[in-house]
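Student: I am sharing input-v3.txt, which consists of compact mmCIF, C-alpha atoms:
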# COMPACT_ATOMS: atom_id res chain seq x y z
CA MET K 1 -64.11 -37.12 -64.17
CA LYS K 2 -64.40 -35.68 -60.66
CA ARG K 3 -60.86 -34.25 -60.90
CA LYS K 4 -61.72 -32.57 -64.19
CA ILE K 5 -64.77 -30.94 -62.62
CA ILE K 6 -62.69 -29.71 -59.65
CA ALA K 7 -60.01 -28.27 -61.95
CA LEU K 8 -62.64 -26.53 -64.07
CA LEU K 9 -64.28 -24.96 -61.05
CA PHE K 10 -60.93 -23.72 -59.70
CA LEU K 11 -60.13 -22.26 -63.12
CA LEU K 12 -63.45 -20.46 -63.30
CA MET K 13 -63.03 -19.02 -59.80
CA GLY K 14 -59.45 -17.99 -60.59
CA CYS K 15 -60.49 -16.22 -63.77
CA THR K 16 -63.25 -14.41 -61.92
CA PHE K 17 -60.75 -13.19 -59.32
CA LEU K 18 -58.22 -11.98 -61.90
CA ASN K 19 -60.84 -10.17 -63.91
CA ALA K 20 -61.93 -8.39 -60.75
CA ALA K 21 -58.44 -6.96 -60.14
CA PRO K 22 -58.44 -3.16 -60.62
CA TYR K 23 -55.79 -3.11 -63.36
CA SER K 24 -55.63 -1.78 -66.87
CA GLU K 25 -54.73 -4.19 -69.67
CA LYS K 26 -51.23 -2.71 -69.70
CA ILE K 27 -50.62 -3.53 -66.03
CA LYS K 28 -52.05 -7.03 -66.47
CA GLU K 29 -49.65 -7.61 -69.36
CA LEU K 30 -46.67 -6.31 -67.37
CA LEU K 31 -47.55 -8.57 -64.44
CA VAL K 32 -47.66 -11.56 -66.79
CA ARG K 33 -44.18 -10.62 -68.04
CA LEU K 34 -42.90 -10.24 -64.49
CA ASP K 35 -44.39 -13.62 -63.54
CA SER K 36 -42.57 -15.16 -66.51
CA LEU K 37 -39.25 -13.66 -65.40
CA ILE K 38 -39.68 -14.93 -61.85
CA ALA K 39 -40.40 -18.39 -63.26
CA GLN K 40 -36.97 -18.16 -64.95
CA LYS K 41 -35.13 -17.16 -61.75
CA ASN K 42 -32.96 -20.29 -61.79
CA THR K 43 -31.85 -19.52 -65.34
CA PHE K 44 -30.80 -16.00 -64.36
CA ALA K 45 -28.95 -17.38 -61.34
CA MET K 46 -27.10 -19.85 -63.58
CA LEU K 47 -26.06 -17.01 -65.90
CA LYS K 48 -24.79 -15.03 -62.91
CA GLU K 49 -22.87 -18.03 -61.59
CA ALA K 50 -21.36 -18.66 -65.02
CA LYS K 51 -20.09 -15.08 -65.21
CA ILE K 52 -18.61 -15.36 -61.72
CA ALA K 53 -16.98 -18.68 -62.60
CA GLN K 54 -15.26 -17.03 -65.57
CA LEU K 55 -13.81 -14.39 -63.27
CA HIS K 56 -12.60 -17.03 -60.81
CA LYS K 57 -10.70 -18.73 -63.62
CA LEU K 58 -8.59 -15.58 -63.98
CA ARG K 59 -7.13 -16.04 -60.51
CA LYS K 60 -4.46 -18.37 -61.80
CA ASP K 61 -3.12 -15.60 -64.03
CA VAL K 62 -2.83 -13.01 -61.24
CA ARG K 63 0.80 -11.99 -60.68
CA THR K 64 0.72 -8.69 -58.77
CA LEU K 65 -1.24 -7.05 -55.97
CA GLU K 66 -2.68 -4.58 -58.47
CA GLU K 67 -3.99 -7.37 -60.68
CA ARG K 68 -5.50 -9.08 -57.65
CA TYR K 69 -7.08 -5.76 -56.62
CA TRP K 70 -8.91 -5.35 -59.93
CA LEU K 71 -10.03 -8.97 -60.02
CA ASN K 72 -11.37 -8.59 -56.48
CA LYS K 73 -13.19 -5.43 -57.57
CA ASN K 74 -14.85 -7.20 -60.50
CA LEU K 75 -15.92 -10.07 -58.25
CA TYR K 76 -17.26 -7.61 -55.68
CA ASP K 77 -19.34 -5.92 -58.38
CA GLU K 78 -20.89 -9.28 -59.34
CA TYR K 79 -21.55 -10.38 -55.77
CA CYS K 80 -22.61 -6.99 -54.37
CA VAL K 81 -26.40 -7.52 -54.43
CA TYR K 82 -26.23 -11.26 -55.12
CA ASN K 83 -24.26 -12.74 -52.22
CA ALA K 84 -23.33 -10.39 -49.39
CA ASP K 85 -20.96 -12.81 -47.65
CA SER K 86 -18.91 -13.38 -50.81
CA ALA K 87 -18.92 -9.66 -51.60
CA MET K 88 -17.62 -8.95 -48.10
CA ASN K 89 -14.75 -11.38 -48.65
CA TYR K 90 -13.56 -9.33 -51.62
CA VAL K 91 -13.99 -6.09 -49.69
CA ALA K 92 -11.75 -7.55 -46.99
CA GLY K 93 -9.27 -8.70 -49.63
CA ASN K 94 -9.00 -5.29 -51.21
CA LEU K 95 -8.81 -3.49 -47.88
CA ASP K 96 -5.85 -5.72 -47.03
CA ILE K 97 -4.21 -4.81 -50.35
CA VAL K 98 -4.73 -1.04 -50.08
CA TYR K 99 -3.44 -0.98 -46.48
CA LYS K 100 -0.32 -2.76 -47.69
CA GLN K 101 0.00 -0.15 -50.44
CA ASN K 102 -0.72 2.65 -47.92
CA ASP K 103 -3.25 4.01 -50.43
CA LYS K 104 -5.44 6.38 -48.37
CA TYR K 105 -7.82 7.11 -51.23
CA ARG K 106 -8.61 3.45 -51.86
CA GLN K 107 -8.84 2.74 -48.14
CA MET K 108 -11.69 5.22 -47.83
CA GLU K 109 -13.30 3.94 -51.05
CA TRP K 110 -13.46 0.38 -49.74
CA LYS K 111 -14.58 1.41 -46.27
CA ILE K 112 -17.56 3.07 -47.98
CA LYS K 113 -18.25 -0.17 -49.89
CA LYS K 114 -18.00 -2.17 -46.67
CA SER K 115 -20.42 0.21 -44.98
CA PHE K 116 -22.88 -0.32 -47.84
CA LEU K 117 -22.79 -4.11 -47.46
CA LEU K 118 -23.23 -3.88 -43.70
CA ALA K 119 -26.23 -1.56 -44.12
CA ALA K 120 -27.68 -3.71 -46.92
CA THR K 121 -27.65 -6.75 -44.63
CA GLY K 122 -29.29 -4.85 -41.78
CA LEU K 123 -26.19 -4.20 -39.68
CA LEU K 124 -26.82 -0.46 -39.49
CA LYS K 125 -24.81 0.33 -36.37
CA GLU K 126 -21.82 -1.56 -37.77
CA ALA K 127 -22.20 0.31 -41.07
CA GLN K 128 -22.19 3.60 -39.17
CA ASP K 129 -19.13 2.57 -37.13
CA GLU K 130 -17.24 1.65 -40.31
CA LEU K 131 -17.32 5.29 -41.41
CA ASP K 132 -16.25 6.74 -38.06
CA GLY K 133 -13.32 9.04 -38.64
CA VAL K 134 -14.30 9.56 -42.28
CA SER K 135 -15.92 12.89 -43.08
CA GLY K 136 -16.70 14.83 -46.21
CA GLY K 137 -13.95 17.31 -45.41
CA SER K 138 -11.26 14.63 -45.40
CA LEU K 139 -12.30 13.00 -48.66
CA PRO K 140 -11.02 13.75 -52.16
CA LYS K 141 -13.61 15.24 -54.45
CA GLU K 142 -13.96 12.03 -56.46
CA LEU K 143 -15.24 10.14 -53.41
CA LEU K 144 -17.67 12.73 -52.07
CA VAL K 145 -20.63 11.46 -54.10
CA ASP K 146 -20.02 7.88 -52.94
CA TYR K 147 -19.64 8.99 -49.32
CA TYR K 148 -22.70 11.25 -49.15
CA GLY K 149 -24.70 8.70 -51.14
CA GLN K 150 -23.80 6.00 -48.61
CA MET K 151 -24.64 8.25 -45.65
CA LEU K 152 -28.00 9.00 -47.26
CA TYR K 153 -28.58 5.27 -47.81
CA LEU K 154 -27.60 4.49 -44.22
CA TYR K 155 -29.78 7.12 -42.52
CA SER K 156 -32.74 6.47 -44.78
CA HIS K 157 -32.57 2.88 -43.52
CA PHE K 158 -32.31 4.05 -39.91
CA ASN K 159 -35.31 6.31 -40.56
CA GLN K 160 -37.26 3.50 -42.20
CA TYR K 161 -36.56 0.88 -39.56
CA THR K 162 -37.17 3.06 -36.49
CA GLY K 163 -40.64 4.03 -37.72
CA SER K 164 -42.73 7.03 -36.75
CA GLU K 165 -43.72 5.40 -33.46
CA MET K 166 -40.15 6.02 -32.24
CA GLY K 167 -40.89 9.75 -32.19
CA THR K 168 -37.76 11.79 -31.46
CA LEU K 169 -35.33 9.13 -32.72
CA HIS K 170 -37.23 8.80 -35.97
CA GLU K 171 -37.15 12.56 -36.52
CA HIS K 172 -33.43 12.60 -35.68
CA TYR K 173 -32.69 10.17 -38.49
CA ALA K 174 -35.07 11.99 -40.83
CA GLN K 175 -33.12 15.20 -40.18
CA LEU K 176 -29.78 13.47 -40.88
CA GLU K 177 -31.27 12.09 -44.09
CA ARG K 178 -32.18 15.65 -45.17
CA VAL K 179 -28.68 16.88 -44.26
CA TYR K 180 -27.01 14.29 -46.47
CA LYS K 181 -29.43 14.95 -49.30
CA ASP K 182 -28.33 18.59 -49.24
CA SER K 183 -24.66 17.60 -49.08
CA LEU K 184 -25.07 15.16 -51.95
CA ASN K 185 -26.87 17.77 -54.05
CA MET K 186 -23.92 20.15 -53.67
CA VAL K 187 -21.36 17.72 -55.14
CA LEU K 188 -23.51 15.77 -57.61
CA THR K 189 -22.88 16.35 -61.33
CA PRO K 190 -24.65 14.98 -64.43
CA GLU K 191 -21.47 13.08 -65.32
CA ASP K 192 -21.81 10.83 -62.29
CA PRO K 193 -22.92 7.27 -63.31
CA LEU K 194 -25.67 7.30 -60.67
CA PHE K 195 -26.76 10.89 -61.25
CA LEU K 196 -30.41 10.06 -62.03
CA TRP K 197 -30.72 7.83 -58.97
CA TYR K 198 -29.13 10.23 -56.50
CA LYS K 199 -30.71 13.38 -57.92
CA GLY K 200 -34.08 11.65 -57.91
CA GLN K 201 -33.78 10.98 -54.19
CA VAL K 202 -32.67 14.55 -53.51
CA VAL K 203 -35.62 16.18 -55.29
CA GLN K 204 -38.30 13.65 -54.35
CA GLY K 205 -41.12 15.36 -52.50
CA THR K 206 -40.03 18.84 -53.61
CA ASP K 207 -41.29 21.15 -56.35
CA SER K 208 -38.16 20.29 -58.36
CA MET K 209 -39.42 16.73 -58.66
CA TYR K 210 -41.90 17.65 -61.38
CA VAL K 211 -39.20 19.27 -63.52
CA PHE K 212 -36.69 16.45 -62.98
CA LYS K 213 -39.33 13.81 -63.74
CA GLU K 214 -39.09 14.59 -67.46
CA ARG K 215 -35.32 14.18 -67.43
CA LEU K 216 -35.63 10.89 -65.58
CA GLN K 217 -38.24 9.67 -68.06
CA LYS K 218 -35.93 10.49 -70.98
CA GLY K 219 -33.02 8.82 -69.20
CA ILE K 220 -34.79 5.46 -69.11
CA LEU K 221 -36.88 5.84 -72.27
CA ASN K 222 -34.99 3.18 -74.23
CA SER K 223 -33.92 1.11 -71.25
CA ALA K 224 -33.84 -2.68 -71.56
CA PHE K 225 -34.36 -2.92 -67.78
CA ASP K 226 -31.61 -5.48 -67.37
CA THR K 227 -29.06 -3.70 -65.16
CA ARG K 228 -28.97 -2.60 -61.54
CA ARG K 229 -28.87 1.03 -62.64
CA ASP K 230 -32.04 0.47 -64.70
CA ALA K 231 -33.76 -0.99 -61.65
CA MET K 232 -32.72 1.96 -59.48
CA ASN K 233 -33.78 4.62 -62.00
CA ALA K 234 -37.14 2.95 -62.65
CA TYR K 235 -37.75 2.69 -58.91
CA VAL K 236 -37.09 6.36 -58.21
CA LEU K 237 -39.37 7.31 -61.13
CA ALA K 238 -42.05 5.05 -59.64
CA CYS K 239 -41.64 6.95 -56.36
CA PHE K 240 -42.23 10.22 -58.23
CA TYR K 241 -45.51 8.88 -59.60
CA ARG K 242 -46.46 7.64 -56.14
CA GLU K 243 -45.92 11.15 -54.78
CA SER K 244 -48.20 12.62 -57.46
CA ASP K 245 -50.90 9.90 -57.04
CA GLU K 246 -50.52 8.54 -60.59
CA GLN K 247 -51.20 4.89 -59.80
CA GLU K 248 -51.00 3.56 -63.36
CA ASN K 249 -47.51 4.97 -63.91
CA TYR K 250 -46.48 4.14 -60.35
CA LEU K 251 -47.30 0.46 -60.89
CA THR K 252 -45.74 0.48 -64.37
CA TYR K 253 -42.30 1.63 -63.26
CA LEU K 254 -42.38 -0.39 -60.05
CA ILE K 255 -42.89 -3.48 -62.23
CA TYR K 256 -40.12 -2.38 -64.63
CA SER K 257 -37.77 -1.97 -61.66
CA ALA K 258 -38.70 -5.43 -60.35
CA MET K 259 -38.12 -6.91 -63.82
CA ALA K 260 -34.59 -5.52 -63.91
CA ASP K 261 -33.88 -6.79 -60.39
CA VAL K 262 -35.08 -10.30 -61.27
CA ARG K 263 -32.99 -10.36 -64.46
CA ILE K 264 -29.78 -9.51 -62.60
CA SER K 265 -30.60 -11.85 -59.68
CA ASN K 266 -30.65 -8.95 -57.21
CA LYS K 267 -31.42 -10.48 -53.83
CA ASP K 268 -31.85 -7.12 -52.09
CA ILE K 269 -34.97 -6.49 -54.12
CA ALA K 270 -36.94 -3.61 -52.58
CA SER K 271 -39.03 -2.86 -55.69
CA LEU K 272 -40.79 -6.23 -55.71
CA GLU K 273 -41.40 -6.05 -51.97
CA GLU K 274 -43.12 -2.68 -52.37
CA LEU K 275 -45.06 -3.95 -55.40
CA ALA K 276 -46.32 -6.93 -53.36
CA GLY K 277 -47.60 -4.57 -50.67
CA VAL K 278 -49.39 -2.38 -53.20
CA LEU K 279 -51.02 -5.34 -54.95
CA PHE K 280 -52.12 -6.72 -51.59
CA SER K 281 -53.81 -3.41 -50.77
CA LEU K 282 -55.59 -3.62 -54.14
CA GLY K 283 -56.92 -7.09 -53.32
CA ASP K 284 -54.59 -9.12 -55.55
CA ILE K 285 -53.71 -11.69 -52.89
CA ASP K 286 -52.23 -14.25 -55.30
CA HIS K 287 -49.59 -11.93 -56.76
CA ALA K 288 -48.86 -10.40 -53.36
CA TYR K 289 -48.28 -13.85 -51.84
CA VAL K 290 -46.01 -15.07 -54.65
CA TYR K 291 -43.96 -11.86 -54.80
CA MET K 292 -43.53 -11.55 -51.03
CA SER K 293 -42.47 -15.21 -50.83
CA TYR K 294 -39.87 -14.55 -53.54
CA CYS K 295 -38.58 -11.52 -51.62
CA LEU K 296 -38.33 -13.51 -48.39
CA GLN K 297 -36.33 -16.27 -50.09
CA ASN K 298 -33.92 -13.66 -51.45
CA ALA K 299 -33.62 -11.82 -48.14
CA LEU K 300 -32.78 -15.09 -46.40
CA ALA K 301 -30.18 -15.94 -49.04
CA TYR K 302 -28.65 -12.45 -48.82
CA ARG K 303 -28.74 -12.60 -45.00
CA ASN K 304 -30.51 -9.27 -44.68
CA ARG K 305 -31.61 -9.60 -41.07
CA VAL K 306 -33.81 -6.51 -40.88
CA ARG K 307 -35.51 -7.14 -44.21
CA VAL K 308 -36.23 -10.77 -43.25
CA VAL K 309 -38.04 -9.62 -40.09
CA GLY K 310 -40.04 -6.97 -41.97
CA ILE K 311 -41.01 -9.26 -44.85
CA SER K 312 -41.91 -12.13 -42.51
CA ALA K 313 -44.35 -9.95 -40.59
CA VAL K 314 -46.07 -8.78 -43.78
CA GLN K 315 -46.02 -12.24 -45.32
CA ASP K 316 -47.69 -13.74 -42.23
CA THR K 317 -50.62 -11.37 -42.75
CA ILE K 318 -50.78 -12.11 -46.48
CA HIS K 319 -50.45 -15.85 -45.85
CA GLN K 320 -53.29 -15.82 -43.33
CA ILE K 321 -55.63 -13.97 -45.70
CA TYR K 322 -54.43 -16.18 -48.58
CA GLN K 323 -55.32 -19.29 -46.56
CA GLU K 324 -58.67 -17.89 -45.49
CA ARG K 325 -59.47 -16.98 -49.09
CA ASN K 326 -58.55 -20.50 -50.25
CA GLN K 327 -60.67 -22.04 -47.48
CA ARG K 328 -63.64 -19.98 -48.62
CA GLN K 329 -63.02 -21.04 -52.21
CA GLU K 330 -62.79 -24.68 -51.14
CA ALA K 331 -66.04 -24.33 -49.20
CA ARG K 332 -67.73 -22.89 -52.28
CA LEU K 333 -66.20 -25.65 -54.37
CA ARG K 334 -67.61 -28.31 -52.07
CA MET K 335 -71.00 -26.62 -52.28
CA TYR K 336 -70.75 -26.58 -56.09
CA LEU K 337 -69.78 -30.26 -56.11
CA VAL K 338 -72.74 -31.16 -53.91
CA LEU K 339 -75.01 -29.12 -56.20
CA VAL K 340 -73.54 -30.76 -59.30
CA SER K 341 -73.95 -34.19 -57.69
CA VAL K 342 -77.57 -33.51 -56.78
CA LEU K 343 -78.33 -32.22 -60.28
CA SER K 344 -76.58 -35.25 -61.75
CA LEU K 345 -78.72 -37.61 -59.65
CA ILE K 346 -81.89 -35.76 -60.60
CA SER K 347 -80.87 -35.94 -64.26
CA LEU K 348 -80.11 -39.66 -63.89
CA PHE K 349 -83.46 -40.40 -62.25
CA ALA K 350 -85.24 -38.35 -64.89
CA PHE K 351 -83.41 -40.24 -67.65
CA LEU K 352 -84.24 -43.61 -66.09
CA TYR K 353 -87.86 -42.61 -65.64
CA ILE K 354 -88.15 -41.54 -69.29
CA CYS K 355 -86.49 -44.75 -70.44
CA LEU K 356 -88.79 -46.82 -68.26
CA LEU K 357 -91.81 -44.89 -69.50
CA TYR K 358 -91.03 -45.54 -73.16
CA THR K 359 -89.97 -49.16 -72.78
CA SER K 360 -92.88 -50.34 -70.59
CA PRO K 361 -95.89 -51.86 -72.55
CA SER K 362 -99.03 -49.79 -72.53
CA PRO K 363 -102.38 -51.20 -71.16
CA ARG K 364 -103.75 -51.34 -74.75
CA ASP K 365 -100.81 -53.48 -75.84
CA MET K 366 -101.36 -55.77 -72.85
CA ARG K 367 -105.09 -56.29 -73.77
CA ARG K 368 -104.16 -57.14 -77.34
CA SER K 369 -101.75 -59.73 -76.14
Before we go any further, please render this structure as C-alpha cells.
Tutor:
Amino acid sequence: MKRKIIALLFLLMGCTFLNAAPYSEKIKELLVRLDSLIAQKNTFAMLKEAKIAQLHKLRKDVRTLEERYWLNKNLYDEYCVYNADSAMNYVAGNLDIVYKQNDKYRQMEWKIKKSFLLAATGLLKEAQDELDGVSGGSLPKELLVDYYGQMLYLYSHFNQYTGSEMGTLHEHYAQLERVYKDSLNMVLTPEDPLFLWYKGQVVQGTDSMYVFKERLQKGILNSAFDTRRDAMNAYVLACFYRESDEQENYLTYLIYSAMADVRISNKDIASLEELAGVLFSLGDIDHAYVYMSYCLQNALAYRNRVRVVGISAVQDTIHQIYQERNQRQEARLRMYLVLVSVLSLISLFAFLYICLLYTSPSPRDMRRS
C-alpha cells in the first residue's frame, strides 16, 4: 500500500512538472514521438548492423580492385556517422587502391573524406593537415563543392571550439569560415545533392535567408525524416527560425532533425545536443537530462573527443540540477507521507472513537439492567 501511495505521489508531481513546461500541444506531441524513437534505438542499431552485414557478405564475390573500391565506398557511407573507426578503415582501403591506380581525382576525393572523419572525431589539426597541398585551384570542378564544404565544416568547428574568449584566434577562424562560405557559394548549384544544406549555411544570418527559407521549407515539405540529408536540412531550417526568434518553429524542426538522426543511428548527433540545451533553458530538466545522456553515449561510441568534453561539462550541470530537483521532490514526498500518515492516524482514532461511542452501553441501559 505504501509503495502505491509513493508511486501515485511521484506521478502527480511528474504530471504537474510536465504541464508547467512552456510548450504548445504540437511540441509536446513531437517530444513524445522523439522519446519513442529513442526508446527504439537498439532496434535502429540492429537494422543498421543488418545492412552492414549484407554488404560484408559481398566481399567474397570481389574480384578486382574496382569492385573492392565500390564495396569500400558503400561500407564507408554506412559507417560514416555510425562508427568512425570502421569508416576510417575503408577510407584507408580506398586511398591504398587509388594510389595504386595513380588516380589523382579519387586521391583528392578520399583525402577530403578522411579530413571529414578526423574533424568529426575532434581531431581538427589532423583534419587540416590532411588537406595540406590541396587547394581549390588544383581541384577538378566536380570536387570543388566537397572541398569548400569540408573547409567550411572544419573552420566552423575551429570557430566553435575556440570560443569568443579566445579573442583574435576566434575571429581568425570566423573570418576563414566566411571565406569558405563565399567560395562555396560561387561553385554551388541546385543540382548538388547537398544544395539545401550548403546554401542554407551560406545565407544564414543574411537578408537572403528569408527568401531561401521558403525554398528550404518546400524542399523538406514531404520529408519522412529518415535520412541523413533530411536531418541536415531540418537542422539548417531550425537555425533559420532561431535567427528570426520563432521558437515554435525552431523547436519543431530541431526535433524533426533529431528524429531523423535517431532513425539512422547517427552518433554525431548535434541536433539533439542543441535541443537538450534549449529544453534545459526552458526548465524541462527531465528531457534535457535524457537527451544529453543519449548524446554523450553516442559521442563516446563515435570517439568524438571534443564533443565528449563539451557534452560532459553541460551534462554535469544538468545532472547536478536534476539531482537537486529530485532531492527536493523526495523531501516533499516525505513531507506528504508524514502528512498522510498523521491524517490516517487521526482518521483511525476518530473511527475507533465513533465505534466505541456507539457500542458502549448508555447510563439508562445500565440502570435498567
Student: Find the residues near Leu117 in chain K: any atom within 8 Å, counting all atoms listed in the file, skip ones fewer than 6 places away on the same chain, and give them as a PDB file with C-alpha atoms, keeping the file's coordinate frame.
Tutor:
ATOM      1  CA  CYS K  80     -22.610  -6.990 -54.370  1.00  0.00           C
ATOM      2  CA  ALA K  84     -23.330 -10.390 -49.390  1.00  0.00           C
ATOM      3  CA  ALA K  87     -18.920  -9.660 -51.600  1.00  0.00           C
ATOM      4  CA  MET K  88     -17.620  -8.950 -48.100  1.00  0.00           C
ATOM      5  CA  ALA K 127     -22.200   0.310 -41.070  1.00  0.00           C
TER       6      ALA K 127
END
Student: Return the single residue from K:Leu176, K:Leu282, K:Cys239, K:Ile112 that is closest to Tyr23 in chain K, with distances computed using only C-alpha atoms.
Tutor: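 Under the stated criterion, the closest residue is K:Leu282.
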Student: Excluding same-chain residues fewer than 3 positions from Met232 in chain K, what lies within 7 Å of it counting only C-alpha atoms, as a list in words?
Tutor: Trp197, Arg228, Arg229, Tyr235, Val236 and Ser257 of chain K
Student: Using all atoms listed in the file, tabulate the residues of range 43-144 of chain K lying at most 8 Å from any atom of range 150-160 of chain K, each with its closest atom pair and that distance in Å to one decimal, by chain and increasing residue number, as a Markdown table.
Tutor:
| residue | atom | partner | partner_atom | distance |
| --- | --- | --- | --- | --- |
| K:Ile112 | CA | K:Gln150 | CA | 6.9 |
| K:Ser115 | CA | K:Gln150 | CA | 7.6 |
| K:Phe116 | CA | K:Gln150 | CA | 6.4 |
| K:Ala119 | CA | K:Leu154 | CA | 6.2 |
| K:Leu124 | CA | K:Leu154 | CA | 6.9 |
| K:Ala127 | CA | K:Leu154 | CA | 7.5 |
| K:Gln128 | CA | K:Leu154 | CA | 7.5 |
Student: As an exercise, work out the distance from CA of Leu144 in chain K to CA of Val98 in chain K in Å and give it to one decimal place.
Tutor: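 The value is 19.0 Å.
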Student: What is the CA of Leu131 in chain K to CA of Leu65 in chain K distance in Å?
Tutor: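 If I compute the distance from CA of Leu131 in chain K to CA of Leu65 in chain K, I get 25.0 Å.
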Student: Can you work out which one of K:Ile52, K:Val211, K:Leu143, K:Ile97 has the shortest atom-to-atom distance to Thr64 in chain K, counting only C-alpha atoms?
Tutor: K:Ile97
Student: Select, from K:Ser265, K:Ser36, K:Ser341, K:Asn233, the residue with the minimum atom-to-atom distance to Leu221 in chain K, counting all atoms listed in the file.
Tutor: K:Asn233
Student: Find the distance between CA of Tyr180 in chain K and CA of Asn89 in chain K and write it in Å to one decimal.
Tutor: 28.5 Å
Student: Show which residues sit within 10 Å of Ser135 in chain K, as a compact mmCIF listing (two decimals) with C-alpha atoms, keeping the file's coordinate frame. Count only C-alpha atoms, and ignore same-chain residues fewer than 3 positions away.
Tutor:
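Final file, selection.txt:
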# COMPACT_ATOMS: atom_id res chain seq x y z
CA MET K 108 -11.69 5.22 -47.83
CA LEU K 131 -17.32 5.29 -41.41
CA ASP K 132 -16.25 6.74 -38.06
CA SER K 138 -11.26 14.63 -45.40
CA LEU K 139 -12.30 13.00 -48.66
CA LEU K 144 -17.67 12.73 -52.07
CA TYR K 147 -19.64 8.99 -49.32
CA TYR K 148 -22.70 11.25 -49.15
Student: Which neighbours of Asn42 in chain K fall inside 12 Å, counting all atoms listed in the file, when residues of the same chain fewer than 4 positions from it are skipped, and could you give them as a VMD selection string?
Tutor: chain K and resid 36 to 38 46 to 49 262 to 265
Student: Looking at K:Asp129, K:Glu246, K:Asp85, K:Glu67, which one is nearest to Asn304 in chain K, with distances taken over only C-alpha atoms?
Tutor: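 Counting only C-alpha atoms, the residue closest to Asn304 in chain K is K:Asp85.
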Student: With distances taken over only C-alpha atoms, which of K:Glu25, K:Lys267, K:Thr227, K:Val338 is nearest to Ala45 in chain K?
Tutor: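 Checking each of K:Glu25, K:Lys267, K:Thr227, K:Val338 against Ala45 in chain K, counting only C-alpha atoms, the winner is K:Lys267.
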Student: Do you know which residues are at most 6 Å from range 286-296 of chain K counting all atoms listed in the file, after dropping those on the same chain fewer than 5 positions away, and could you put them as a PyMOL selection string?
Tutor: chain K and resi 273+276+279-280
Student: So, with only C-alpha atoms as the atoms that count, which of K:Phe44, K:Phe212, K:Phe195, K:Tyr256 lies closest to Phe240 in chain K?
Tutor: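 For Phe240 in chain K, the nearest of the given residues is K:Phe212.
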